[in-house]
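Have a look at the structure below, then the notes.
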Amino acid sequence: MAAELKKLAESRDLTRIERIGAHSHIRGLGLDSSLEARAVSEGMVGQKPARKAAGLILQLIKEGKIAGRAVLLAGQPGTGKTAIAMGLAKSLGEETPFATLSGSELFSLEMSKTEALTQAFRRSIGVRIKEEAEIIEGEVVEIIIDRPVGGAASSSGSSSSAGKTGKLTLKTTDMETVYDLGGKMIEALSKEKVQSGDVIALDKASGKVTKLGRSVGRSREYDAVGPHTKFVRCPDGELQKRKEVVHCVTLHEIDVINSRTQGFLALFTGDTGEIRAEVREQIDTKVAEWREEGKAEIVPGVLFIDEVHMLDIECFSFLNRALENDMAPILVIATNRGITTIRGTTYRSPHGIPADFLDRLLIISTQPYTEDEIRKIIEIRCDEEEVEMSEDSKVLLTKIGTETSLRYAIHLITAAALACQKRRGKAVEMEDISRVYSLFLDVKRSTQYLMEYQSQYMFSEVPDGAGDEDYAMHS
């Protein structure tokens, strides 16, 4: 199992593809060292009381004092609930597991609701596994690669390094040794772009190459390094050492590895299916043994469930019980509902959440954004989407966001940029905003249109005497 966990940890080193999303501008909660919310920071604008409360939750999570608790983010649509949850995730860092789930997803998965929630819970619980590994660490003196005869004919692809051999000379402050290289090691060194003067670490078991930095002795070679090059001292002592290596995985990943015949490769097949309770019990027992032996520690993460009002009474009963588990993560849920019916019952309750579950929650409320805050958010989104926009256009877009919704105003940014591109302009002007405003309707104008032409639509259920304003408010 340890070998497969090591492969899993290494698979995470793949290059990530970043894309511009609805909350890709969020970098954190925007708090100072005393947990006070800054006006504009790390992509966050306004919502100071909510962000300060989230900062306190963040501090409790880091100190390990809030495991098995739940937090509710409640507020009107478009008031930054998901942004606060994303800011919390960014502030926690990569070491802390953060899993997200939408309430509506549970009813579209090909597994039971409780199984889907169990998997989500276990994706939010990390296991930090410690083990000793044989490491070769030193400064590269020289790399010599011997190309095979006829190798020039097959110079493309990874197969070209298969027949290569070579020698690698490493040194510390006390010794120097020459190592023979095979094809795989040459490929690994080439992938990391290792050259003479680099300080590297080689894992003997897996063959993984890690570039630690550039030797301080080479710091005067300005032409050979870039502005962001990290300089490190040449290691001392023996080249070969035993070091403690830490692998971080989630309980769900261990579940999948041990419940599928293809091992850790099952993580890349997509649908993991239902996992037997016996498998989880065996894993929990093994992890408990590792904890007692000091080989592992549990890292309670965060599970964020959006649209929590979509869950039914069965799901809420499961969450009630799951939060009492010793290894429960921190549960953060969000809803934009007021007093409404609990799904699966005829009872009404605040936010569509049962009273006994509400009693477990720390509730953080969000408020509508002011006109000034909407303006700042629009400016941040323009920077994120790399859209040049005139000041007059920003004023107009802010007014649109105030009268309709912030989400609608943000949607118009990219559309207006395309309209500007069409007329070969350099910056988005008011005419571009007006053009896309006329092309794409907001909720109010769409409702007015429906009310005007409702007789021409199929299955219209609007009574003849109903007013336009009543149904616009209802929607």
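Ordered as shown in the structure tokens, chains take letters A, B, and onward, while each chain numbers its residues from 1 and ligands are numbered from 1 in the order shown.
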Leaving out region 131-147 of chain A and any residue of its chain fewer than 6 positions from it, which residues lie within 8 Å of it when counting only C-alpha atoms, given as a ChimeraX atom specification? /A:163-172,186,195-205,215,234-235,239-246,295
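The list of residues with at least one atom within 10 Å of Ala322 (chain A), based on only C-alpha atoms and without residues fewer than 4 positions apart in the same chain, reads Gly68, Leu117, Thr118, Phe121, Phe316, Ser317, Phe318, Asp326, Met327, Ala328 and Pro329 of chain A.
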Grab the residues selected above and save them as a PDB file, in the first residue's frame with all heavy atoms.
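Wrote out.pdb, looks like this:
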ATOM      1  N   GLY A  68     -15.342  18.244  13.302  1.00  0.00           N
ATOM      2  CA  GLY A  68     -16.684  17.753  13.586  1.00  0.00           C
ATOM      3  C   GLY A  68     -17.712  18.848  13.799  1.00  0.00           C
ATOM      4  O   GLY A  68     -18.817  18.579  14.248  1.00  0.00           O
ATOM      5  N   LEU A 117     -22.330  10.999   0.080  1.00  0.00           N
ATOM      6  CA  LEU A 117     -21.931  11.858   1.195  1.00  0.00           C
ATOM      7  C   LEU A 117     -20.733  11.266   1.945  1.00  0.00           C
ATOM      8  O   LEU A 117     -19.834  11.994   2.364  1.00  0.00           O
ATOM      9  CB  LEU A 117     -23.104  12.060   2.153  1.00  0.00           C
ATOM     10  CG  LEU A 117     -24.180  13.055   1.704  1.00  0.00           C
ATOM     11  CD1 LEU A 117     -25.388  12.996   2.625  1.00  0.00           C
ATOM     12  CD2 LEU A 117     -23.622  14.475   1.679  1.00  0.00           C
ATOM     13  N   THR A 118     -20.735   9.933   2.103  1.00  0.00           N
ATOM     14  CA  THR A 118     -19.609   9.267   2.781  1.00  0.00           C
ATOM     15  C   THR A 118     -18.317   9.501   2.008  1.00  0.00           C
ATOM     16  O   THR A 118     -17.271   9.815   2.587  1.00  0.00           O
ATOM     17  CB  THR A 118     -19.870   7.755   2.917  1.00  0.00           C
ATOM     18  OG1 THR A 118     -21.074   7.554   3.661  1.00  0.00           O
ATOM     19  CG2 THR A 118     -18.727   7.063   3.633  1.00  0.00           C
ATOM     20  N   PHE A 121     -17.193  13.036   2.507  1.00  0.00           N
ATOM     21  CA  PHE A 121     -16.592  13.201   3.838  1.00  0.00           C
ATOM     22  C   PHE A 121     -15.161  12.683   3.850  1.00  0.00           C
ATOM     23  O   PHE A 121     -14.256  13.336   4.369  1.00  0.00           O
ATOM     24  CB  PHE A 121     -17.430  12.456   4.884  1.00  0.00           C
ATOM     25  CG  PHE A 121     -18.354  13.344   5.669  1.00  0.00           C
ATOM     26  CD1 PHE A 121     -19.462  13.915   5.067  1.00  0.00           C
ATOM     27  CD2 PHE A 121     -18.119  13.641   6.995  1.00  0.00           C
ATOM     28  CE1 PHE A 121     -20.315  14.747   5.760  1.00  0.00           C
ATOM     29  CE2 PHE A 121     -18.956  14.479   7.713  1.00  0.00           C
ATOM     30  CZ  PHE A 121     -20.069  15.031   7.104  1.00  0.00           C
ATOM     31  N   PHE A 316     -29.878  14.905   5.859  1.00  0.00           N
ATOM     32  CA  PHE A 316     -29.622  15.662   7.083  1.00  0.00           C
ATOM     33  C   PHE A 316     -29.433  14.725   8.277  1.00  0.00           C
ATOM     34  O   PHE A 316     -28.599  14.989   9.153  1.00  0.00           O
ATOM     35  CB  PHE A 316     -30.762  16.643   7.352  1.00  0.00           C
ATOM     36  CG  PHE A 316     -30.749  17.850   6.453  1.00  0.00           C
ATOM     37  CD1 PHE A 316     -31.807  18.125   5.602  1.00  0.00           C
ATOM     38  CD2 PHE A 316     -29.668  18.710   6.450  1.00  0.00           C
ATOM     39  CE1 PHE A 316     -31.790  19.232   4.772  1.00  0.00           C
ATOM     40  CE2 PHE A 316     -29.631  19.831   5.628  1.00  0.00           C
ATOM     41  CZ  PHE A 316     -30.702  20.094   4.781  1.00  0.00           C
ATOM     42  N   SER A 317     -30.186  13.619   8.315  1.00  0.00           N
ATOM     43  CA  SER A 317     -30.012  12.639   9.390  1.00  0.00           C
ATOM     44  C   SER A 317     -28.622  12.015   9.327  1.00  0.00           C
ATOM     45  O   SER A 317     -27.971  11.812  10.356  1.00  0.00           O
ATOM     46  CB  SER A 317     -31.077  11.534   9.276  1.00  0.00           C
ATOM     47  OG  SER A 317     -32.363  12.073   9.421  1.00  0.00           O
ATOM     48  N   PHE A 318     -28.150  11.741   8.092  1.00  0.00           N
ATOM     49  CA  PHE A 318     -26.809  11.177   7.912  1.00  0.00           C
ATOM     50  C   PHE A 318     -25.747  12.172   8.388  1.00  0.00           C
ATOM     51  O   PHE A 318     -24.798  11.795   9.083  1.00  0.00           O
ATOM     52  CB  PHE A 318     -26.581  10.826   6.439  1.00  0.00           C
ATOM     53  CG  PHE A 318     -25.164  10.408   6.129  1.00  0.00           C
ATOM     54  CD1 PHE A 318     -24.766   9.088   6.289  1.00  0.00           C
ATOM     55  CD2 PHE A 318     -24.225  11.341   5.702  1.00  0.00           C
ATOM     56  CE1 PHE A 318     -23.461   8.709   6.025  1.00  0.00           C
ATOM     57  CE2 PHE A 318     -22.919  10.970   5.432  1.00  0.00           C
ATOM     58  CZ  PHE A 318     -22.542   9.649   5.598  1.00  0.00           C
ATOM     59  N   ASP A 326     -15.215  10.570  15.189  1.00  0.00           N
ATOM     60  CA  ASP A 326     -13.933  11.113  15.669  1.00  0.00           C
ATOM     61  C   ASP A 326     -13.119  11.771  14.553  1.00  0.00           C
ATOM     62  O   ASP A 326     -12.364  12.707  14.806  1.00  0.00           O
ATOM     63  CB  ASP A 326     -13.081   9.986  16.301  1.00  0.00           C
ATOM     64  CG  ASP A 326     -13.697   9.494  17.597  1.00  0.00           C
ATOM     65  OD1 ASP A 326     -14.521  10.229  18.160  1.00  0.00           O
ATOM     66  OD2 ASP A 326     -13.357   8.378  18.029  1.00  0.00           O
ATOM     67  N   MET A 327     -13.252  11.248  13.319  1.00  0.00           N
ATOM     68  CA  MET A 327     -12.442  11.756  12.212  1.00  0.00           C
ATOM     69  C   MET A 327     -13.240  12.653  11.265  1.00  0.00           C
ATOM     70  O   MET A 327     -12.902  12.794  10.091  1.00  0.00           O
ATOM     71  CB  MET A 327     -11.828  10.598  11.423  1.00  0.00           C
ATOM     72  CG  MET A 327     -10.834   9.785  12.229  1.00  0.00           C
ATOM     73  SD  MET A 327      -9.803   8.712  11.210  1.00  0.00           S
ATOM     74  CE  MET A 327     -11.018   7.619  10.483  1.00  0.00           C
ATOM     75  N   ALA A 328     -14.310  13.275  11.757  1.00  0.00           N
ATOM     76  CA  ALA A 328     -15.154  14.117  10.904  1.00  0.00           C
ATOM     77  C   ALA A 328     -14.415  15.384  10.491  1.00  0.00           C
ATOM     78  O   ALA A 328     -13.673  15.965  11.280  1.00  0.00           O
ATOM     79  CB  ALA A 328     -16.440  14.480  11.631  1.00  0.00           C
ATOM     80  N   PRO A 329     -14.612  15.837   9.233  1.00  0.00           N
ATOM     81  CA  PRO A 329     -13.997  17.093   8.793  1.00  0.00           C
ATOM     82  C   PRO A 329     -14.834  18.290   9.259  1.00  0.00           C
ATOM     83  O   PRO A 329     -15.850  18.119   9.936  1.00  0.00           O
ATOM     84  CB  PRO A 329     -14.043  16.971   7.262  1.00  0.00           C
ATOM     85  CG  PRO A 329     -15.274  16.161   7.013  1.00  0.00           C
ATOM     86  CD  PRO A 329     -15.389  15.192   8.171  1.00  0.00           C
TER      87      PRO A 329
END
Non-local contacts of His411 (chain A) (12 Å; only C-alpha atoms; under 5 positions in same chain excluded) as a list of chain:residue names: A:Gly21, A:Ala22, A:Ile378, A:Arg381, A:Cys382, A:Glu385, A:Leu397, A:Ile400, A:Gly401, A:Thr404, A:Ser405, A:Leu406, A:Ala416, A:Ala417, A:Leu418, A:Ile433, A:Val436, A:Tyr437, A:Phe440, A:Leu441, A:Asp442
Output C-alpha atoms for every residue in the selection just made, as a PDB file, in the first residue's frame.
ATOM      1  CA  GLY A  21     -13.734  30.791 -13.630  1.00  0.00           C
ATOM      2  CA  ALA A  22     -16.388  32.634 -11.657  1.00  0.00           C
ATOM      3  CA  ILE A 378     -16.193  44.718 -11.610  1.00  0.00           C
ATOM      4  CA  ARG A 381     -13.038  40.887 -12.771  1.00  0.00           C
ATOM      5  CA  CYS A 382     -11.845  43.114 -15.652  1.00  0.00           C
ATOM      6  CA  GLU A 385     -10.346  38.492 -17.576  1.00  0.00           C
ATOM      7  CA  LEU A 397     -21.860  48.473 -15.704  1.00  0.00           C
ATOM      8  CA  ILE A 400     -26.596  47.817 -14.329  1.00  0.00           C
ATOM      9  CA  GLY A 401     -25.269  45.596 -11.522  1.00  0.00           C
ATOM     10  CA  THR A 404     -30.284  43.983 -11.893  1.00  0.00           C
ATOM     11  CA  SER A 405     -27.703  41.726 -10.217  1.00  0.00           C
ATOM     12  CA  LEU A 406     -23.949  41.530  -9.760  1.00  0.00           C
ATOM     13  CA  ALA A 416     -18.782  43.475 -24.145  1.00  0.00           C
ATOM     14  CA  ALA A 417     -15.089  42.670 -24.750  1.00  0.00           C
ATOM     15  CA  LEU A 418     -16.099  40.521 -27.752  1.00  0.00           C
ATOM     16  CA  ILE A 433     -22.067  47.682 -22.898  1.00  0.00           C
ATOM     17  CA  VAL A 436     -24.720  43.446 -25.148  1.00  0.00           C
ATOM     18  CA  TYR A 437     -27.288  44.789 -22.636  1.00  0.00           C
ATOM     19  CA  PHE A 440     -28.866  39.556 -23.326  1.00  0.00           C
ATOM     20  CA  LEU A 441     -31.832  39.997 -20.992  1.00  0.00           C
ATOM     21  CA  ASP A 442     -31.662  40.079 -17.198  1.00  0.00           C
TER      22      ASP A 442
END
Could you go through region 320-371 of chain A and tell me which residues DSSP, when run on the backbone, assigns to strand (DSSP E or B), listing them as number ranges by chain? A: 330-335, 339-341, 343, 348-350, 361-365
Could you dump the residues just selected with all heavy atoms as a CSV table (one decimal), in the first residue's frame?
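This is the output file again_20.csv:
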chain,number,residue,atom,x,y,z
A,330,ILE,N,-14.4,19.5,8.9
A,330,ILE,CA,-15.2,20.7,9.2
A,330,ILE,C,-16.2,20.8,8.0
A,330,ILE,O,-15.8,20.8,6.8
A,330,ILE,CB,-14.3,21.9,9.3
A,330,ILE,CG1,-13.4,21.8,10.4
A,330,ILE,CG2,-15.2,23.2,9.4
A,330,ILE,CD1,-12.1,21.2,10.2
A,331,LEU,N,-17.5,20.9,8.3
A,331,LEU,CA,-18.5,21.0,7.3
A,331,LEU,C,-18.9,22.5,7.1
A,331,LEU,O,-19.3,23.1,8.1
A,331,LEU,CB,-19.7,20.1,7.7
A,331,LEU,CG,-20.9,20.2,6.7
A,331,LEU,CD1,-20.5,19.5,5.4
A,331,LEU,CD2,-22.1,19.4,7.4
A,332,VAL,N,-18.8,23.0,5.9
A,332,VAL,CA,-19.3,24.3,5.6
A,332,VAL,C,-20.4,24.2,4.5
A,332,VAL,O,-20.1,23.6,3.5
A,332,VAL,CB,-18.1,25.2,5.0
A,332,VAL,CG1,-18.6,26.6,4.6
A,332,VAL,CG2,-17.0,25.3,6.0
A,333,ILE,N,-21.5,24.7,4.8
A,333,ILE,CA,-22.7,24.6,3.9
A,333,ILE,C,-23.2,26.0,3.6
A,333,ILE,O,-22.9,27.0,4.3
A,333,ILE,CB,-23.8,23.7,4.5
A,333,ILE,CG1,-24.3,24.4,5.8
A,333,ILE,CG2,-23.4,22.3,4.7
A,333,ILE,CD1,-25.4,23.6,6.5
A,334,ALA,N,-23.8,26.1,2.4
A,334,ALA,CA,-24.3,27.4,2.0
A,334,ALA,C,-25.7,27.3,1.4
A,334,ALA,O,-26.1,26.3,0.8
A,334,ALA,CB,-23.4,28.0,0.9
A,335,THR,N,-26.5,28.3,1.6
A,335,THR,CA,-27.9,28.3,1.0
A,335,THR,C,-28.3,29.8,0.8
A,335,THR,O,-27.9,30.7,1.5
A,335,THR,CB,-28.9,27.6,1.9
A,335,THR,OG1,-30.2,27.6,1.3
A,335,THR,CG2,-29.0,28.3,3.3
A,339,ILE,N,-37.3,30.9,4.7
A,339,ILE,CA,-38.1,29.9,5.4
A,339,ILE,C,-38.8,29.1,4.3
A,339,ILE,O,-39.6,29.6,3.5
A,339,ILE,CB,-39.1,30.5,6.3
A,339,ILE,CG1,-38.4,31.2,7.5
A,339,ILE,CG2,-40.0,29.4,6.9
A,339,ILE,CD1,-39.2,32.0,8.4
A,340,THR,N,-38.5,27.8,4.2
A,340,THR,CA,-39.0,27.0,3.1
A,340,THR,C,-39.2,25.5,3.6
A,340,THR,O,-38.8,25.2,4.7
A,340,THR,CB,-38.1,27.0,1.9
A,340,THR,OG1,-38.6,26.3,0.8
A,340,THR,CG2,-36.7,26.4,2.2
A,341,THR,N,-39.8,24.7,2.8
A,341,THR,CA,-40.1,23.3,3.1
A,341,THR,C,-38.8,22.5,3.1
A,341,THR,O,-38.0,22.6,2.2
A,341,THR,CB,-41.1,22.7,2.1
A,341,THR,OG1,-42.3,23.6,2.1
A,341,THR,CG2,-41.5,21.3,2.6
A,343,ARG,N,-37.0,19.3,2.3
A,343,ARG,CA,-37.2,18.4,1.2
A,343,ARG,C,-37.5,17.0,1.8
A,343,ARG,O,-36.7,16.5,2.7
A,343,ARG,CB,-36.0,18.3,0.3
A,343,ARG,CG,-36.2,17.4,-1.0
A,343,ARG,CD,-35.1,17.7,-2.0
A,343,ARG,NE,-35.3,16.9,-3.2
A,343,ARG,CZ,-34.7,17.0,-4.3
A,343,ARG,NH1,-33.7,17.9,-4.4
A,343,ARG,NH2,-34.9,16.2,-5.3
A,348,ARG,N,-42.0,23.2,7.3
A,348,ARG,CA,-41.2,24.3,6.9
A,348,ARG,C,-40.2,24.7,8.0
A,348,ARG,O,-40.5,24.5,9.2
A,348,ARG,CB,-42.2,25.5,6.6
A,348,ARG,CG,-43.0,25.3,5.4
A,348,ARG,CD,-44.2,26.3,5.3
A,348,ARG,NE,-43.7,27.7,5.2
A,348,ARG,CZ,-43.3,28.3,4.0
A,348,ARG,NH1,-43.4,27.6,2.9
A,348,ARG,NH2,-42.9,29.5,4.0
A,349,SER,N,-39.1,25.2,7.6
A,349,SER,CA,-38.0,25.5,8.5
A,349,SER,C,-37.1,26.6,7.9
A,349,SER,O,-37.0,26.7,6.7
A,349,SER,CB,-37.2,24.2,8.8
A,349,SER,OG,-36.1,24.5,9.7
A,350,PRO,N,-36.4,27.4,8.7
A,350,PRO,CA,-35.4,28.3,8.2
A,350,PRO,C,-34.4,27.6,7.3
A,350,PRO,O,-33.8,26.6,7.7
A,350,PRO,CB,-34.8,28.9,9.4
A,350,PRO,CG,-35.8,28.7,10.5
A,350,PRO,CD,-36.5,27.4,10.2
A,361,LEU,N,-25.1,24.3,14.0
A,361,LEU,CA,-24.4,25.2,13.0
A,361,LEU,C,-24.0,26.5,13.7
A,361,LEU,O,-24.7,27.1,14.5
A,361,LEU,CB,-25.3,25.5,11.8
A,361,LEU,CG,-25.8,24.3,11.0
A,361,LEU,CD1,-26.8,24.8,10.0
A,361,LEU,CD2,-24.7,23.5,10.4
A,362,LEU,N,-22.8,27.0,13.2
A,362,LEU,CA,-22.4,28.4,13.4
A,362,LEU,C,-22.8,29.1,12.2
A,362,LEU,O,-22.4,28.7,11.1
A,362,LEU,CB,-20.9,28.5,13.6
A,362,LEU,CG,-20.3,27.9,14.9
A,362,LEU,CD1,-18.8,27.8,14.8
A,362,LEU,CD2,-20.7,28.6,16.1
A,363,ILE,N,-23.7,30.1,12.3
A,363,ILE,CA,-24.3,30.7,11.1
A,363,ILE,C,-23.6,32.0,10.8
A,363,ILE,O,-23.5,32.9,11.7
A,363,ILE,CB,-25.8,30.9,11.3
A,363,ILE,CG1,-26.5,29.6,11.6
A,363,ILE,CG2,-26.5,31.6,10.1
A,363,ILE,CD1,-28.0,29.6,11.9
A,364,ILE,N,-23.1,32.2,9.6
A,364,ILE,CA,-22.5,33.4,9.1
A,364,ILE,C,-23.5,34.0,8.0
A,364,ILE,O,-23.7,33.3,7.0
A,364,ILE,CB,-21.1,33.2,8.5
A,364,ILE,CG1,-20.2,32.6,9.6
A,364,ILE,CG2,-20.5,34.4,7.9
A,364,ILE,CD1,-18.8,32.1,9.0
A,365,SER,N,-23.9,35.2,8.2
A,365,SER,CA,-24.8,35.8,7.2
A,365,SER,C,-24.1,36.8,6.3
A,365,SER,O,-23.1,37.4,6.7
A,365,SER,CB,-26.0,36.5,7.8
A,365,SER,OG,-25.5,37.6,8.6
Between CA of Thr447 (chain A) and CA of Arg407 (chain A), measure the distance and give it in Å to one decimal. 17.1 Å
Nearest residue to Leu72 (chain A) out of A:His247, A:His351, A:Lys426, A:Lys52, using only C-alpha atoms? A:His351
Once you count only C-alpha atoms, what closest atom pair and distance in Å to one decimal does each residue of region 301-371 of chain A within 8 Å of region 79-98 of chain A have, with rows by chain and rising residue number, as a Markdown table?
| residue | atom | partner | partner_atom | distance |
| --- | --- | --- | --- | --- |
| A:Gly301 | CA | A:Pro97 | CA | 4.6 |
| A:Val302 | CA | A:Phe98 | CA | 4.8 |
| A:Leu303 | CA | A:Phe98 | CA | 5.9 |
| A:Phe304 | CA | A:Ala85 | CA | 7.2 |
| A:Asp306 | CA | A:Thr82 | CA | 7.7 |
| A:Val332 | CA | A:Ala85 | CA | 7.6 |
| A:Ala334 | CA | A:Lys81 | CA | 6.7 |
| A:Thr366 | CA | A:Thr79 | CA | 6.0 |
| A:Gln367 | CA | A:Thr79 | CA | 6.1 |
| A:Pro368 | CA | A:Thr79 | CA | 5.4 |
| A:Tyr369 | CA | A:Thr79 | CA | 6.6 |
Grab the residues selected above and save them as a tab-separated table (two decimals), in the first residue's frame with N, CA and C atoms.
chain	number	residue	atom	x	y	z
A	301	GLY	N	-9.97	18.05	7.11
A	301	GLY	CA	-10.09	19.09	6.09
A	301	GLY	C	-11.45	19.76	6.15
A	302	VAL	N	-11.88	20.27	5.00
A	302	VAL	CA	-13.15	21.00	4.91
A	302	VAL	C	-13.99	20.41	3.79
A	303	LEU	N	-15.26	20.16	4.08
A	303	LEU	CA	-16.23	19.75	3.07
A	303	LEU	C	-17.22	20.89	2.88
A	304	PHE	N	-17.29	21.42	1.66
A	304	PHE	CA	-18.21	22.53	1.35
A	304	PHE	C	-19.37	21.99	0.52
A	306	ASP	N	-22.68	23.24	-1.31
A	306	ASP	CA	-23.49	24.36	-1.78
A	306	ASP	C	-24.92	23.87	-2.03
A	332	VAL	N	-18.79	22.97	5.88
A	332	VAL	CA	-19.26	24.32	5.55
A	332	VAL	C	-20.36	24.18	4.52
A	334	ALA	N	-23.84	26.12	2.42
A	334	ALA	CA	-24.34	27.43	1.98
A	334	ALA	C	-25.74	27.29	1.39
A	366	THR	N	-24.45	36.81	5.00
A	366	THR	CA	-23.86	37.75	4.05
A	366	THR	C	-24.90	38.79	3.67
A	367	GLN	N	-24.44	40.01	3.37
A	367	GLN	CA	-25.33	41.13	3.05
A	367	GLN	C	-25.16	41.53	1.58
A	368	PRO	N	-26.20	42.16	0.98
A	368	PRO	CA	-26.06	42.63	-0.41
A	368	PRO	C	-24.92	43.63	-0.53
A	369	TYR	N	-24.25	43.63	-1.68
A	369	TYR	CA	-23.14	44.55	-1.92
A	369	TYR	C	-23.63	45.97	-2.16
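Between CA of Gly103 (chain A) and CA of His309 (chain A) lies a distance of 7.2 Å.
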For Val428 (chain A), work out the shell of residues within 9 Å, counting only C-alpha atoms and skipping chain neighbours fewer than 6 positions away, then give it as an mmCIF file with N, CA, C and O atoms, in the first residue's frame.
data_model
loop_
_atom_site.group_PDB
_atom_site.id
_atom_site.type_symbol
_atom_site.label_atom_id
_atom_site.label_comp_id
_atom_site.auth_asym_id
_atom_site.auth_seq_id
_atom_site.Cartn_x
_atom_site.Cartn_y
_atom_site.Cartn_z
ATOM 1 N N VAL A 387 -9.549 42.441 -19.561
ATOM 2 C CA VAL A 387 -10.418 43.276 -20.398
ATOM 3 C C VAL A 387 -10.134 44.744 -20.087
ATOM 4 O O VAL A 387 -10.239 45.173 -18.938
ATOM 5 N N GLU A 388 -9.761 45.505 -21.117
ATOM 6 C CA GLU A 388 -9.562 46.952 -20.979
ATOM 7 C C GLU A 388 -10.934 47.623 -21.070
ATOM 8 O O GLU A 388 -11.659 47.425 -22.047
ATOM 9 N N MET A 389 -11.281 48.433 -20.080
ATOM 10 C CA MET A 389 -12.603 49.063 -20.060
ATOM 11 C C MET A 389 -12.477 50.524 -19.629
ATOM 12 O O MET A 389 -11.749 50.840 -18.673
ATOM 13 N N SER A 390 -13.178 51.420 -20.316
ATOM 14 C CA SER A 390 -13.144 52.843 -19.978
ATOM 15 C C SER A 390 -13.874 53.087 -18.657
ATOM 16 O O SER A 390 -14.701 52.277 -18.227
ATOM 17 N N SER A 393 -17.637 53.237 -18.956
ATOM 18 C CA SER A 393 -18.229 51.900 -19.114
ATOM 19 C C SER A 393 -18.358 51.207 -17.766
ATOM 20 O O SER A 393 -19.354 50.524 -17.500
ATOM 21 N N ILE A 413 -19.201 41.469 -18.980
ATOM 22 C CA ILE A 413 -17.820 41.925 -19.200
ATOM 23 C C ILE A 413 -17.211 41.259 -20.434
ATOM 24 O O ILE A 413 -16.731 41.927 -21.354
ATOM 25 N N ALA A 416 -19.105 42.124 -23.672
ATOM 26 C CA ALA A 416 -18.782 43.475 -24.145
ATOM 27 C C ALA A 416 -17.382 43.513 -24.763
ATOM 28 O O ALA A 416 -17.138 44.236 -25.737
ATOM 29 N N ALA A 417 -16.450 42.733 -24.196
ATOM 30 C CA ALA A 417 -15.089 42.670 -24.750
ATOM 31 C C ALA A 417 -15.115 42.091 -26.166
ATOM 32 O O ALA A 417 -14.378 42.555 -27.048
ATOM 33 N N LEU A 418 -15.971 41.104 -26.410
ATOM 34 C CA LEU A 418 -16.099 40.521 -27.752
ATOM 35 C C LEU A 418 -16.724 41.525 -28.717
ATOM 36 O O LEU A 418 -16.329 41.609 -29.883
ATOM 37 N N ALA A 419 -17.708 42.292 -28.230
ATOM 38 C CA ALA A 419 -18.319 43.328 -29.064
ATOM 39 C C ALA A 419 -17.297 44.405 -29.423
ATOM 40 O O ALA A 419 -17.277 44.910 -30.554
ATOM 41 N N CYS A 420 -16.428 44.732 -28.474
ATOM 42 C CA CYS A 420 -15.349 45.704 -28.715
ATOM 43 C C CYS A 420 -14.368 45.169 -29.748
ATOM 44 O O CYS A 420 -13.914 45.901 -30.634
ATOM 45 N N GLN A 421 -14.069 43.877 -29.645
ATOM 46 C CA GLN A 421 -13.160 43.229 -30.594
ATOM 47 C C GLN A 421 -13.737 43.271 -32.003
ATOM 48 O O GLN A 421 -13.014 43.481 -32.982
#
